[in-house]
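What follows is input.txt (compact mmCIF, C-alpha atoms and all ligand atoms).
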```txt
# COMPACT_ATOMS: atom_id res chain seq x y z
CA MET C 215 9.68 -36.17 33.64
CA HIS C 216 7.60 -33.53 31.88
CA ALA C 217 6.15 -33.77 28.46
CA ARG C 218 8.72 -31.34 27.24
CA ARG C 219 7.61 -30.66 23.74
CA PHE C 220 7.28 -26.96 23.97
CA ALA C 221 9.44 -26.30 26.94
CA ALA C 222 12.33 -27.87 25.12
CA SER C 223 11.72 -25.67 22.18
CA ILE C 224 12.01 -22.54 24.26
CA THR C 225 14.87 -23.73 26.38
CA LEU C 226 17.80 -21.41 26.56
CA LEU C 227 18.30 -17.99 25.78
CA LEU C 228 20.20 -15.62 23.85
CA SER C 229 23.10 -13.45 24.26
CA ASN C 230 24.16 -10.02 23.73
CA HIS C 231 25.28 -10.69 20.20
CA ARG C 232 22.43 -8.59 19.01
CA ILE C 233 22.46 -5.80 21.51
CA HIS C 234 23.12 -2.65 19.63
CA ALA C 235 21.97 -0.10 22.13
CA SER C 236 22.07 3.27 20.48
CA ASN C 237 24.92 4.26 22.67
CA SER C 238 26.98 2.02 24.81
CA GLU C 239 26.71 4.20 27.87
CA ASP C 240 23.01 3.45 27.90
CA ALA C 241 23.74 -0.25 27.81
CA ASP C 242 26.34 0.14 30.57
CA THR C 243 23.87 2.00 32.75
CA LEU C 244 21.18 -0.61 32.12
CA THR C 245 23.61 -3.36 33.05
CA SER C 246 24.92 -1.73 36.20
CA ASN C 247 21.39 -0.95 37.37
CA LEU C 248 20.50 -4.58 36.74
CA ILE C 249 23.44 -5.83 38.81
CA GLN C 250 22.69 -3.45 41.67
CA TRP C 251 19.08 -4.55 41.62
CA VAL C 252 20.01 -8.24 41.84
CA ARG C 253 22.50 -7.57 44.63
CA GLY C 254 20.03 -5.37 46.50
CA SER C 255 17.28 -8.02 46.25
CA GLY C 256 19.07 -10.85 48.03
CA GLY C 257 20.89 -12.10 44.94
CA PHE C 258 24.57 -12.39 44.17
CA VAL C 259 26.68 -11.22 41.24
CA SER C 260 30.38 -11.92 41.64
CA ASP C 261 32.64 -8.88 41.56
CA LYS C 262 35.10 -11.03 39.61
CA ILE C 263 33.05 -10.58 36.44
CA ALA C 264 32.34 -7.56 34.26
CA PHE C 265 29.81 -7.01 31.49
CA ARG C 266 31.48 -5.24 28.60
CA HIS C 267 32.23 -5.17 24.89
CA ILE C 268 34.48 -7.84 23.46
CA ASN C 269 38.02 -6.39 23.21
CA ASP C 270 36.63 -3.18 24.69
CA ASP C 271 35.59 -2.30 21.14
CA PRO C 272 32.39 -0.26 21.36
CA THR C 273 31.16 -1.66 18.03
CA ALA C 274 31.69 -5.28 19.12
CA PRO C 275 29.05 -7.41 20.82
CA ARG C 276 28.96 -7.46 24.60
CA GLY C 277 29.85 -10.37 26.83
CA VAL C 278 30.69 -11.38 30.37
CA PHE C 279 34.39 -11.38 31.26
CA ALA C 280 36.52 -12.44 34.22
CA VAL C 281 38.30 -9.44 35.74
CA GLN C 282 40.36 -11.68 38.01
CA ASP C 283 41.15 -15.38 38.23
CA ILE C 284 38.15 -17.52 39.13
CA ASP C 285 38.24 -21.04 40.56
CA ASP C 286 36.63 -24.09 39.07
CA GLY C 287 33.10 -24.45 40.45
CA GLU C 288 32.96 -20.91 41.77
CA THR C 289 29.58 -19.23 41.87
CA LEU C 290 29.24 -16.30 39.47
CA ALA C 291 25.65 -15.32 40.14
CA ILE C 292 22.56 -16.31 42.09
CA ILE C 293 19.30 -14.84 40.87
CA PRO C 294 16.54 -14.98 43.49
CA TRP C 295 13.25 -16.60 42.54
CA ASP C 296 11.39 -13.31 42.95
CA LEU C 297 13.43 -11.63 40.20
CA ILE C 298 12.83 -14.40 37.67
CA ILE C 299 9.96 -13.81 35.27
CA LYS C 300 7.71 -16.88 35.25
CA SER C 301 4.08 -17.76 34.74
CA PRO C 302 1.71 -17.14 37.67
CA GLU C 303 1.02 -20.90 37.75
CA ARG C 304 4.65 -21.67 38.23
CA ALA C 305 4.99 -18.89 40.77
CA ALA C 306 2.17 -20.56 42.73
CA GLY C 307 4.04 -23.86 42.63
CA LYS C 308 1.77 -25.53 40.09
CA VAL C 309 3.32 -27.48 37.27
CA HIS C 310 1.27 -28.17 34.19
CA ASP C 311 1.90 -30.86 31.68
CA ARG C 312 0.53 -28.65 28.98
CA TRP C 313 3.13 -26.20 27.92
CA SER C 314 0.67 -23.50 27.04
CA HIS C 315 -0.21 -22.39 30.55
CA ASP C 316 3.37 -21.70 31.41
CA ASP C 317 4.23 -20.20 28.09
CA CYS C 318 1.23 -17.92 27.93
CA GLY C 319 2.04 -16.91 31.48
CA VAL C 320 5.72 -16.19 30.94
CA ILE C 321 4.99 -14.16 27.78
CA GLU C 322 2.31 -12.17 29.58
CA GLU C 323 4.55 -11.55 32.58
CA THR C 324 7.41 -10.51 30.29
CA LEU C 325 5.07 -8.09 28.58
CA LYS C 326 4.03 -6.69 31.96
CA ALA C 327 7.67 -6.30 32.99
CA MET C 328 8.39 -4.36 29.81
CA THR C 329 5.34 -2.13 29.90
CA ALA C 330 5.29 -1.25 33.60
CA SER C 331 5.05 2.44 34.43
CA GLU C 332 8.19 4.48 34.90
CA ASP C 333 7.72 4.16 38.67
CA ASP C 334 7.27 0.40 38.61
CA ILE C 335 9.52 -0.83 35.85
CA THR C 336 12.39 -3.01 37.07
CA PRO C 337 15.93 -2.77 35.68
CA TYR C 338 15.28 -6.12 33.99
CA GLY C 339 12.14 -4.73 32.35
CA LYS C 340 14.19 -1.82 31.04
CA TYR C 341 16.94 -4.13 29.89
CA LEU C 342 14.46 -6.27 27.93
CA LEU C 343 12.96 -3.14 26.42
CA SER C 344 16.38 -2.16 25.10
CA GLN C 345 16.71 -5.33 23.02
CA PRO C 346 16.51 -5.04 19.22
CA LEU C 347 13.05 -5.61 17.81
CA ASN C 348 11.97 -8.76 15.99
CA TYR C 349 15.50 -10.05 15.57
CA THR C 350 14.90 -13.77 15.02
CA VAL C 351 13.91 -14.81 11.52
CA GLY C 352 10.42 -16.03 12.46
CA PHE C 353 9.67 -12.43 13.48
CA TRP C 354 11.16 -10.63 10.48
CA THR C 355 9.12 -8.64 7.98
CA GLU C 356 7.43 -10.71 5.30
CA ALA C 357 9.91 -9.41 2.72
CA GLY C 358 12.81 -10.41 4.96
CA GLN C 359 11.41 -13.89 5.54
CA ASP C 360 10.69 -14.27 1.86
CA LEU C 361 14.27 -13.53 0.90
CA PHE C 362 15.62 -15.76 3.64
CA VAL C 363 13.53 -18.68 2.40
CA ARG C 364 14.81 -18.04 -1.14
CA LEU C 365 18.31 -18.28 0.25
CA THR C 366 17.40 -21.71 1.59
CA GLY C 367 16.10 -22.72 -1.84
CA GLY C 368 12.38 -22.47 -1.31
CA ILE C 369 9.25 -20.40 -1.38
CA LEU C 370 7.83 -18.67 1.70
CA TYR C 371 5.10 -20.73 3.42
CA GLU C 372 5.72 -23.61 1.00
CA ASN C 373 9.05 -25.34 1.11
CA ASN C 374 12.76 -25.02 1.34
CA THR C 375 15.82 -27.12 0.74
CA LEU C 376 18.57 -26.03 3.10
CA PRO C 377 18.13 -25.76 6.85
CA PRO C 378 16.63 -24.37 9.00
CA THR C 379 13.74 -26.48 7.75
CA ASP C 380 11.00 -24.22 8.99
CA ILE C 381 11.54 -20.57 9.78
CA ASP C 382 8.01 -20.03 10.95
CA ASP C 383 8.01 -19.37 14.66
CA GLN C 384 5.14 -21.38 16.02
CA LEU C 385 5.39 -19.59 19.33
CA ILE C 386 3.74 -16.57 17.81
CA TRP C 387 0.82 -18.65 16.47
CA GLU C 388 0.49 -20.58 19.69
CA PHE C 389 0.54 -17.28 21.52
CA GLU C 390 -2.38 -16.17 19.37
CA LYS C 391 -4.36 -19.41 19.41
CA VAL C 392 -3.76 -20.76 22.87
CA CYS C 393 -3.04 -17.61 24.85
CA ASP C 394 -5.44 -15.38 22.94
CA GLY C 395 -2.46 -13.05 22.52
CA ASP C 396 -2.65 -10.00 20.31
CA VAL C 397 -0.18 -10.71 17.52
CA THR C 398 -0.89 -7.38 15.89
CA ASP C 399 0.53 -5.52 18.87
CA PRO C 400 4.27 -4.96 18.40
CA MET C 401 5.03 -5.12 22.13
CA ASN C 402 3.18 -8.45 22.52
CA VAL C 403 5.12 -9.79 19.57
CA GLN C 404 8.40 -8.58 21.01
CA ALA C 405 7.61 -10.22 24.37
CA ALA C 406 6.90 -13.53 22.60
CA MET C 407 10.13 -13.25 20.62
CA LEU C 408 12.19 -12.46 23.70
CA VAL C 409 10.74 -15.49 25.46
CA ARG C 410 11.68 -17.63 22.48
CA ALA C 411 15.17 -16.21 22.25
CA ARG C 412 16.12 -15.63 25.87
CA SER C 413 14.15 -17.90 28.20
CA ASP C 414 15.69 -20.83 29.95
CA TYR C 415 13.12 -23.55 30.44
CA GLU C 416 10.02 -21.52 31.41
CA TYR C 417 11.96 -18.76 33.04
CA MET C 418 13.27 -15.37 32.01
CA VAL C 419 16.36 -14.97 34.16
CA PRO C 420 18.21 -11.67 34.47
CA ILE C 421 22.05 -11.81 34.35
CA TYR C 422 21.96 -15.50 33.37
CA ASP C 423 20.72 -14.44 29.95
CA MET C 424 23.76 -12.22 29.32
CA PHE C 425 26.38 -14.93 28.82
CA ASN C 426 27.27 -15.53 25.18
CA HIS C 427 27.10 -18.96 23.56
CA ASP C 428 30.09 -20.96 22.37
CA ASN C 429 30.15 -24.75 22.23
CA GLY C 430 33.92 -24.80 22.02
CA LYS C 431 34.58 -22.48 24.94
CA TYR C 432 31.65 -23.30 27.17
CA ASN C 433 32.92 -22.73 30.74
CA ILE C 434 29.87 -22.10 32.93
CA GLN C 435 26.89 -24.20 33.88
CA HIS C 436 23.71 -24.29 35.92
CA LYS C 437 24.36 -24.63 39.62
CA PHE C 438 20.84 -25.93 40.16
CA ASN C 439 18.87 -27.90 37.62
CA PRO C 440 15.76 -25.81 36.98
CA TYR C 441 13.87 -28.98 36.02
CA THR C 442 14.36 -30.55 39.42
CA SER C 443 15.43 -27.95 41.98
CA PRO C 444 13.22 -25.98 44.36
CA LEU C 445 14.23 -22.69 42.75
CA GLU C 446 12.01 -20.85 45.22
CA GLU C 447 14.63 -21.67 47.81
CA THR C 448 17.83 -21.86 45.82
CA GLY C 449 17.31 -19.17 43.22
CA TYR C 450 18.99 -19.62 39.86
CA GLY C 451 22.72 -20.22 40.00
CA VAL C 452 25.57 -19.97 37.52
CA ILE C 453 28.97 -21.56 38.28
CA THR C 454 32.22 -22.05 36.39
CA THR C 455 33.15 -25.49 35.04
CA ARG C 456 36.88 -24.92 35.13
CA LYS C 457 39.45 -22.48 36.38
CA ILE C 458 39.16 -19.14 34.53
CA ASN C 459 41.96 -16.67 34.02
CA ALA C 460 41.46 -12.93 34.31
CA GLY C 461 40.46 -11.51 30.93
CA GLU C 462 38.76 -14.66 29.63
CA GLU C 463 35.18 -14.48 28.41
CA LEU C 464 32.62 -16.62 30.20
CA TYR C 465 30.49 -18.67 27.85
CA ASN C 466 27.35 -20.68 28.17
CA SER C 467 26.12 -23.26 25.70
CA TYR C 468 22.54 -22.78 24.59
CA ASN C 469 22.16 -26.28 23.22
CA ARG C 470 24.74 -28.46 24.95
CA CYS C 471 24.54 -27.14 28.48
CA ASN C 472 24.31 -29.47 31.46
CA ILE C 473 20.50 -29.43 31.28
CA CYS C 474 20.05 -29.33 27.48
CA ASP C 475 19.24 -33.02 26.85
CA GLY C 476 16.66 -32.70 24.10
CA TYR C 477 18.75 -30.25 22.15
CA PHE C 478 22.01 -32.03 22.16
CA ASP C 479 22.12 -34.02 18.97
CA TRP C 480 20.07 -32.45 16.23
CA PHE C 481 19.99 -28.81 17.25
CA GLY C 482 22.80 -27.26 15.26
CA THR C 483 23.95 -24.02 13.70
CA PRO C 484 20.78 -23.44 11.62
CA GLU C 485 18.57 -24.02 14.64
CA VAL C 486 20.69 -21.75 16.83
CA PHE C 487 20.28 -19.08 14.16
CA GLN C 488 16.55 -19.61 13.93
CA HIS C 489 15.88 -19.60 17.67
CA TYR C 490 18.46 -17.16 18.98
CA GLY C 491 19.20 -14.96 15.98
CA PHE C 492 22.96 -15.34 15.57
CA VAL C 493 25.48 -17.56 13.80
CA GLU C 494 27.46 -19.57 16.32
CA ASN C 495 31.24 -19.83 16.26
CA TYR C 496 32.93 -23.14 15.53
CA PRO C 497 32.34 -25.86 16.45
CA GLN C 498 29.23 -25.90 14.31
CA ARG C 499 26.86 -28.74 13.56
CA TRP C 500 24.88 -29.01 10.34
CA LEU C 501 22.28 -31.52 9.23
CA PHE C 502 21.48 -31.44 5.52
CA ASP C 503 18.49 -33.73 5.18
CA LEU C 504 18.24 -33.45 1.43
CA ALA C 505 21.77 -34.82 1.12
CA ARG C 506 21.77 -36.97 4.23
CA VAL C 507 24.87 -35.24 5.42
CA LYS C 508 25.51 -34.58 9.10
CA VAL C 509 28.74 -32.89 10.15
CA GLU C 510 30.55 -31.20 12.93
CA LEU C 511 32.91 -28.40 11.84
CA THR C 512 35.70 -27.53 14.23
CA ALA C 513 38.35 -24.83 14.06
CA GLN C 514 41.83 -26.08 14.74
CA ASP C 515 44.60 -24.11 16.41
CA ASP C 516 46.04 -23.10 13.03
CA GLY C 517 42.64 -21.67 12.03
CA GLN C 518 41.87 -24.47 9.57
CA VAL C 519 38.34 -25.82 9.73
CA LYS C 520 38.07 -29.58 10.04
CA VAL C 521 35.04 -31.51 8.81
CA LYS C 522 33.95 -34.47 10.88
CA PHE C 523 31.24 -36.51 9.17
CA LEU C 524 28.93 -37.91 11.82
CA VAL C 525 27.36 -40.19 9.22
CA PRO C 526 29.45 -41.43 6.23
CA PRO C 527 28.79 -39.14 3.23
CA SER C 528 27.61 -40.40 -0.16
CA LYS C 529 28.39 -39.26 -3.70
CA ARG C 530 24.74 -38.48 -4.22
CA GLY C 531 24.69 -36.33 -1.09
CA ILE C 532 27.83 -34.41 -1.99
CA ASP C 533 26.50 -33.82 -5.53
CA VAL C 534 23.31 -32.36 -4.10
CA LEU C 535 25.31 -30.02 -1.87
CA SER C 536 27.59 -28.97 -4.76
CA LYS C 537 24.48 -27.92 -6.68
CA GLU C 538 23.31 -25.96 -3.67
CA LEU C 539 26.61 -24.08 -3.64
CA LEU C 540 26.07 -23.06 -7.27
CA ARG C 541 22.55 -22.00 -6.43
CA LEU C 542 23.87 -19.91 -3.54
CA ASN C 543 26.30 -18.19 -5.93
CA ASP C 544 23.33 -17.29 -8.13
CA PHE C 545 21.46 -16.03 -5.10
CA ALA C 546 24.32 -13.73 -4.13
CA ASN C 547 24.77 -12.49 -7.69
CA LYS C 548 21.11 -11.66 -7.86
CA TYR C 549 20.71 -9.92 -4.50
CA GLN C 550 23.96 -8.76 -3.00
CA HIS C 551 24.04 -5.48 -4.89
CA LYS C 552 20.52 -4.53 -3.92
CA SER C 553 19.62 -2.51 -0.87
CA TYR C 554 17.52 -3.90 1.92
CA ALA C 555 15.24 -0.87 1.73
CA GLU C 556 14.32 -1.48 -1.92
CA LEU C 557 13.53 -5.09 -1.00
CA GLY C 558 11.28 -3.92 1.85
CA MET C 559 13.24 -5.53 4.65
CA ARG C 560 15.07 -4.06 7.63
CA GLY C 561 18.83 -3.54 7.89
CA LEU C 562 19.00 -5.91 10.85
CA GLU C 563 17.40 -8.66 8.76
CA TRP C 564 19.64 -8.01 5.78
CA ASN C 565 22.83 -8.17 7.85
CA SER C 566 21.68 -11.22 9.72
CA MET C 567 20.70 -12.98 6.48
CA TRP C 568 24.12 -12.44 4.90
CA GLU C 569 25.81 -13.59 8.06
CA TYR C 570 23.88 -16.84 7.76
CA TYR C 571 24.63 -17.00 4.04
CA ASP C 572 28.36 -16.78 4.72
CA ALA C 573 28.13 -19.50 7.36
CA ILE C 574 26.16 -21.97 5.25
CA TYR C 575 28.29 -21.20 2.18
CA ALA C 576 31.45 -21.91 4.15
CA ALA C 577 29.98 -25.10 5.61
CA LEU C 578 29.00 -26.39 2.15
CA THR C 579 32.41 -25.48 0.77
CA TYR C 580 34.26 -27.39 3.50
CA ILE C 581 31.97 -30.38 3.08
CA THR C 582 32.15 -30.57 -0.71
CA GLU C 583 35.93 -30.09 -0.72
CA SER C 584 36.50 -32.81 1.84
CA THR C 585 38.45 -35.89 0.77
CA GLU C 586 36.36 -38.23 2.91
CA PRO C 587 35.64 -41.54 1.10
CA LEU C 588 32.11 -41.65 -0.29
CA VAL C 589 29.82 -44.62 0.33
CA ASP C 590 26.13 -45.02 -0.40
CA ASP C 591 25.19 -46.71 2.88
CA VAL C 592 23.25 -43.74 4.23
CA TRP C 593 20.58 -44.12 1.53
CA ALA C 594 19.84 -47.66 2.70
CA LEU C 595 18.89 -46.32 6.13
CA GLY C 596 15.44 -45.20 7.22
CA ASP C 597 14.23 -41.72 8.11
CA ASP C 598 16.30 -41.80 11.23
CA TRP C 599 19.53 -41.90 9.22
CA TRP C 600 20.84 -38.95 11.20
CA VAL C 601 20.51 -40.59 14.60
CA GLN C 602 23.78 -41.96 15.82
CA GLU C 603 23.52 -44.77 18.26
CA GLY C 604 24.75 -43.56 21.59
CA THR C 605 25.05 -39.89 20.70
CA THR C 606 21.46 -38.77 20.60
CA LYS C 607 19.50 -37.89 23.68
CA GLU C 608 16.49 -36.88 21.66
CA GLY C 609 13.09 -36.84 23.32
CA GLU C 610 10.23 -38.48 21.47
CA ASP C 611 9.08 -35.44 19.49
CA ASP C 612 11.85 -32.90 19.68
CA HIS C 613 13.42 -33.52 16.32
CA THR C 614 12.14 -31.16 13.67
CA VAL C 615 14.63 -31.84 10.91
CA ARG C 616 12.77 -32.72 7.77
CA LYS C 617 12.94 -36.41 7.04
CA THR C 618 13.72 -37.81 3.61
CA SER C 619 13.22 -41.34 2.48
CA GLY C 620 15.97 -43.24 0.75
CA ASP C 621 14.22 -43.56 -2.60
CA GLU C 622 12.53 -40.19 -2.74
CA LEU C 623 14.96 -38.44 -5.07
C1 LIG B 701 8.82 -25.45 -3.88
O1 LIG B 701 7.53 -25.22 -4.39
C2 LIG B 701 7.52 -24.67 -5.71
C3 LIG B 701 6.11 -24.31 -6.06
O2 LIG B 701 5.19 -25.22 -5.55
C4 LIG B 701 8.16 -25.68 -6.67
O3 LIG B 701 8.17 -25.16 -7.97
C5 LIG B 701 9.59 -25.96 -6.19
O4 LIG B 701 10.17 -26.96 -6.98
C6 LIG B 701 9.59 -26.43 -4.74
N1 LIG B 701 10.94 -26.52 -4.30
C7 LIG B 701 11.35 -27.50 -3.51
C8 LIG B 701 12.76 -27.39 -3.04
O5 LIG B 701 10.65 -28.42 -3.15
C1 LIG B 702 7.69 -6.55 14.71
O1 LIG B 702 6.68 -7.44 14.32
C2 LIG B 702 5.35 -7.00 14.57
C3 LIG B 702 4.41 -8.09 14.14
O2 LIG B 702 4.63 -8.48 12.84
C4 LIG B 702 5.09 -5.68 13.83
O3 LIG B 702 3.81 -5.21 14.16
C5 LIG B 702 6.14 -4.66 14.21
O4 LIG B 702 5.98 -3.51 13.42
C6 LIG B 702 7.53 -5.23 13.96
N1 LIG B 702 8.51 -4.25 14.37
C7 LIG B 702 9.60 -4.03 13.65
C8 LIG B 702 10.51 -2.96 14.13
O5 LIG B 702 9.84 -4.67 12.65
```
If you took the structure in this file and wrote it as structure tokens, what would it be?
Amino acid sequence: MHARRFAASITLLLSNHRIHASNSEDADTLTSNLIQWVRGSGGFVSDKIAFRHINDDPTAPRGVFAVQDIDDGETLAIIPWDLIIKSPERAAGKVHDRWSHDDCGVIEETLKAMTASEDDITPYGKYLLSQPLNYTVGFWTEAGQDLFVRLTGGILYENNTLPPTDIDDQLIWEFEKVCDGDVTDPMNVQAAMLVRARSDYEYMVPIYDMFNHDNGKYNIQHKFNPYTSPLEETGYGVITTRKINAGEELYNSYNRCNICDGYFDWFGTPEVFQHYGFVENYPQRWLFDLARVKVELTAQDDGQVKVKFLVPPSKRGIDVLSKELLRLNDFANKYQHKSYAELGMRGLEWNSMWEYYDAIYAALTYITESTEPLVDDVWALGDDWWVQEGTTKEGEDDHTVRKTSGDEL
């Protein structure tokens, strides 16, 4: 119904994977203030859930957990419209086809929420302020981005070989060009990044944005479709999709949720990393355009990772990926003993980069060691080789995977 080009690219939010509040009591206080605020403003947060560290380990990421059994379809939270950060246009009930109005608006409102005076700042504003700075790759230092692009086999601002195909975060440039935003101001930049990494549709939604992502364990969903519901009346709801036992973590899916149409097919592990700043657990999806390889990796009960080729692999494709593995070995040999400081990047970027390295290295290893029969059929296909009949729900311009032509190499 909408031209969803940009909205789709900001859909869905990020988790607490990257919250490293300097001390966890601060984060606990921020969270409990946030919950009290939602409850005291006409919203609902179930007392059957708790926001805490995974395994109660203070060094582990935080997540949302069931503290007692929860029924299938039970409501976990309702966030009233007034507490959701949205553009003034949307607040006034206007819907624009052009993404920029809403996106400028939501970034500006997020900035206002974060920079309000001590008397006016909301618990959500404080919570957003506590998030790590510039944590997605498009917002890293130039040195950090440069090294990341080398990892992917390319040169910053020029090219790369392995996904994600383009680490540049266009939101920041659109924020500058279309919104006249000040991209030299760190707080403006942080607001834009948080909108990229945490917004759902054109909304910044407290509480909702605290559920971690896992496509294998996804057990919550939207109660109301934000694309079609009168959220002014309903607020923003989160419900379970199955019965949950006490102690289980509650997970969202940031790309395969019940409203994630445009993201479903092509948006995989590299894109999750690029947009949200973390490496997802298995199942993972990888599209390697240069090799015309598209896979789903799943962890089995015995811990083994299984490779499911979504398009039959070719010898040429596997050879290309084997070479990439060797290149990645060289990359690690060259850089792993250096320090991030001597390279001019931040510790957060360095750790995040190696986390991605490990993930892509593992993926390439599983793929190249697979015993799947090799056939050349994929090279006879057109640029849409990766589209599987019946599995893609791609909108007309959502796919940003770099296309290769069969006879290019
Ligand atoms: C990237 O660009 C550089 C310089 O233009 C070139 O030497 C290199 O081969 C290119 N790499 C890829 C993967 O296209
Ligand atoms: C975040 O990025 C902005 C814009 O590049 C920069 O001004 C700011 O210093 C960065 N902050 C950190 C902590 O890297």
Pick from C:Gly517, C:Lys537, C:Gln359, C:Pro420 nearest to Arg253 in chain C, counting all atoms listed in the file: C:Pro420
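Minimum atom-to-atom distance to Trp599 in chain C, evaluated using all atoms listed in the file, belongs to C:Asp503 out of C:Glu494, C:Asp503, C:Asp296, C:Glu332.
Using all atoms listed in the file, residues with at least one atom at most 8 Å away from any atom of ligand LIG 702 (chain B) are Leu347, Asn348, Phe353, Trp354, Thr355, Val397, Thr398, Asp399, Pro400, Met401, Val403, Gln404 and Arg560 of chain C.
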Can you list every residue of chain C that has an atom at most 7 Å from ligand LIG 701 (chain B), with its nearest atom pair and the distance in Å to one decimal, using all atoms listed in the file, ordered by chain then number, as a Markdown table?
```
| residue | atom | partner | partner_atom | distance |
| --- | --- | --- | --- | --- |
| C:Gly367 | CA | B:LIG701 | C8 | 5.9 |
| C:Gly368 | CA | B:LIG701 | C8 | 5.2 |
| C:Ile369 | CA | B:LIG701 | C1 | 5.7 |
| C:Glu372 | CA | B:LIG701 | O1 | 5.9 |
| C:Asn373 | CA | B:LIG701 | C1 | 5.0 |
| C:Asn374 | CA | B:LIG701 | C8 | 5.0 |
| C:Thr375 | CA | B:LIG701 | C8 | 4.9 |
```
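Atom pair CA of Cys318 in chain C / CA of Cys393 in chain C has a distance of 5.3 Å (rounded to one decimal).
In this comparison, which uses only C-alpha atoms, the residue of C:Lys262, C:Cys471, C:Trp480, C:Val392 approaching Asp283 in chain C most closely is C:Lys262.
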Among the residues C:Leu542, C:Leu244, C:Ala577, C:Ile434, the one that comes closest to Val452 in chain C [using only C-alpha atoms]: C:Ile434
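In terms of minimum interatomic distance to Pro294 in chain C, C:Trp251 ranks closest within C:Tyr432, C:Phe502, C:Tyr575, C:Trp251, counting all atoms listed in the file.
Between CA of Thr336 in chain C and CA of Asn247 in chain C the interatomic distance comes to 9.2 Å.
Separating CA of Ile453 in chain C from CA of Gly254 in chain C is a distance of 20.2 Å.
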Protein and nucleic acid residues near (30.5, -46.6, 2.7) (cut-off 8 Å, all atoms listed in the file) as number ranges by chain: C: 526-528, 587-592
Expected file: the selected residues, C-alpha atoms, as a compact mmCIF listing (two decimals), in the coordinates of the input:
```
# COMPACT_ATOMS: atom_id res chain seq x y z
CA PRO C 526 29.45 -41.43 6.23
CA PRO C 527 28.79 -39.14 3.23
CA SER C 528 27.61 -40.40 -0.16
CA PRO C 587 35.64 -41.54 1.10
CA LEU C 588 32.11 -41.65 -0.29
CA VAL C 589 29.82 -44.62 0.33
CA ASP C 590 26.13 -45.02 -0.40
CA ASP C 591 25.19 -46.71 2.88
CA VAL C 592 23.25 -43.74 4.23
```
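Distance check against Arg276 in chain C using only C-alpha atoms: of C:Leu325, C:Met424, C:Leu557, C:Leu501, the minimum falls on C:Met424.
Residues in contact with Thr289 in chain C at 8 Å, where only C-alpha atoms are counted and same-chain residues fewer than 2 positions away are skipped, are listed as Ser260, Gly287, Ala291, Ile292, Lys437, Gly451, Val452, Ile453 and Thr454 of chain C.
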Just C-alpha atoms for this one: save the residues we selected as a tab-separated table (two decimals), in the frame of the given file.
```tsv
chain	number	residue	atom	x	y	z
C	260	SER	CA	30.38	-11.92	41.64
C	287	GLY	CA	33.10	-24.45	40.45
C	291	ALA	CA	25.65	-15.32	40.14
C	292	ILE	CA	22.56	-16.31	42.09
C	437	LYS	CA	24.36	-24.63	39.62
C	451	GLY	CA	22.72	-20.22	40.00
C	452	VAL	CA	25.57	-19.97	37.52
C	453	ILE	CA	28.97	-21.56	38.28
C	454	THR	CA	32.22	-22.05	36.39
```
Excluding same-chain residues fewer than 6 positions from Val419 in chain C, what lies within 9 Å of it counting all atoms listed in the file, as a PDB file with C-alpha atoms, keeping the file's coordinate frame?
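The resulting part_27.pdb:
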```pdb
ATOM      1  CA  ILE C 293      19.300 -14.840  40.870  1.00  0.00           C
ATOM      2  CA  LEU C 297      13.430 -11.630  40.200  1.00  0.00           C
ATOM      3  CA  ILE C 298      12.830 -14.400  37.670  1.00  0.00           C
ATOM      4  CA  ILE C 299       9.960 -13.810  35.270  1.00  0.00           C
ATOM      5  CA  LYS C 300       7.710 -16.880  35.250  1.00  0.00           C
ATOM      6  CA  TYR C 338      15.280  -6.120  33.990  1.00  0.00           C
ATOM      7  CA  ARG C 412      16.120 -15.630  25.870  1.00  0.00           C
ATOM      8  CA  SER C 413      14.150 -17.900  28.200  1.00  0.00           C
ATOM      9  CA  TYR C 450      18.990 -19.620  39.860  1.00  0.00           C
TER      10      TYR C 450
END
```
Distance query Lys552 in chain C at most 12 Å, only C-alpha atoms, self and fewer than 6 positions along chain excluded, as a PyMOL selection string: chain C and resi 361+545-546+558-559+561+564
Your completed range 480-486 of chain C with N, CA and C atoms, as a compact mmCIF listing (two decimals), in the coordinates of the input:
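Saved as out09.txt:
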```
# COMPACT_ATOMS: atom_id res chain seq x y z
N TRP C 480 20.51 -32.93 17.55
CA TRP C 480 20.07 -32.45 16.23
C TRP C 480 20.07 -30.93 16.13
N PHE C 481 20.17 -30.27 17.23
CA PHE C 481 19.99 -28.81 17.25
C PHE C 481 21.33 -28.16 16.94
N GLY C 482 21.50 -27.75 15.70
CA GLY C 482 22.80 -27.26 15.26
C GLY C 482 22.79 -25.79 14.90
N THR C 483 23.74 -25.42 14.06
CA THR C 483 23.95 -24.02 13.70
C THR C 483 22.70 -23.37 13.09
N PRO C 484 21.98 -24.07 12.18
CA PRO C 484 20.78 -23.44 11.62
C PRO C 484 19.71 -23.20 12.68
N GLU C 485 19.60 -24.14 13.61
CA GLU C 485 18.57 -24.02 14.64
C GLU C 485 18.94 -22.94 15.66
N VAL C 486 20.23 -22.83 15.95
CA VAL C 486 20.69 -21.75 16.83
C VAL C 486 20.35 -20.40 16.18
```
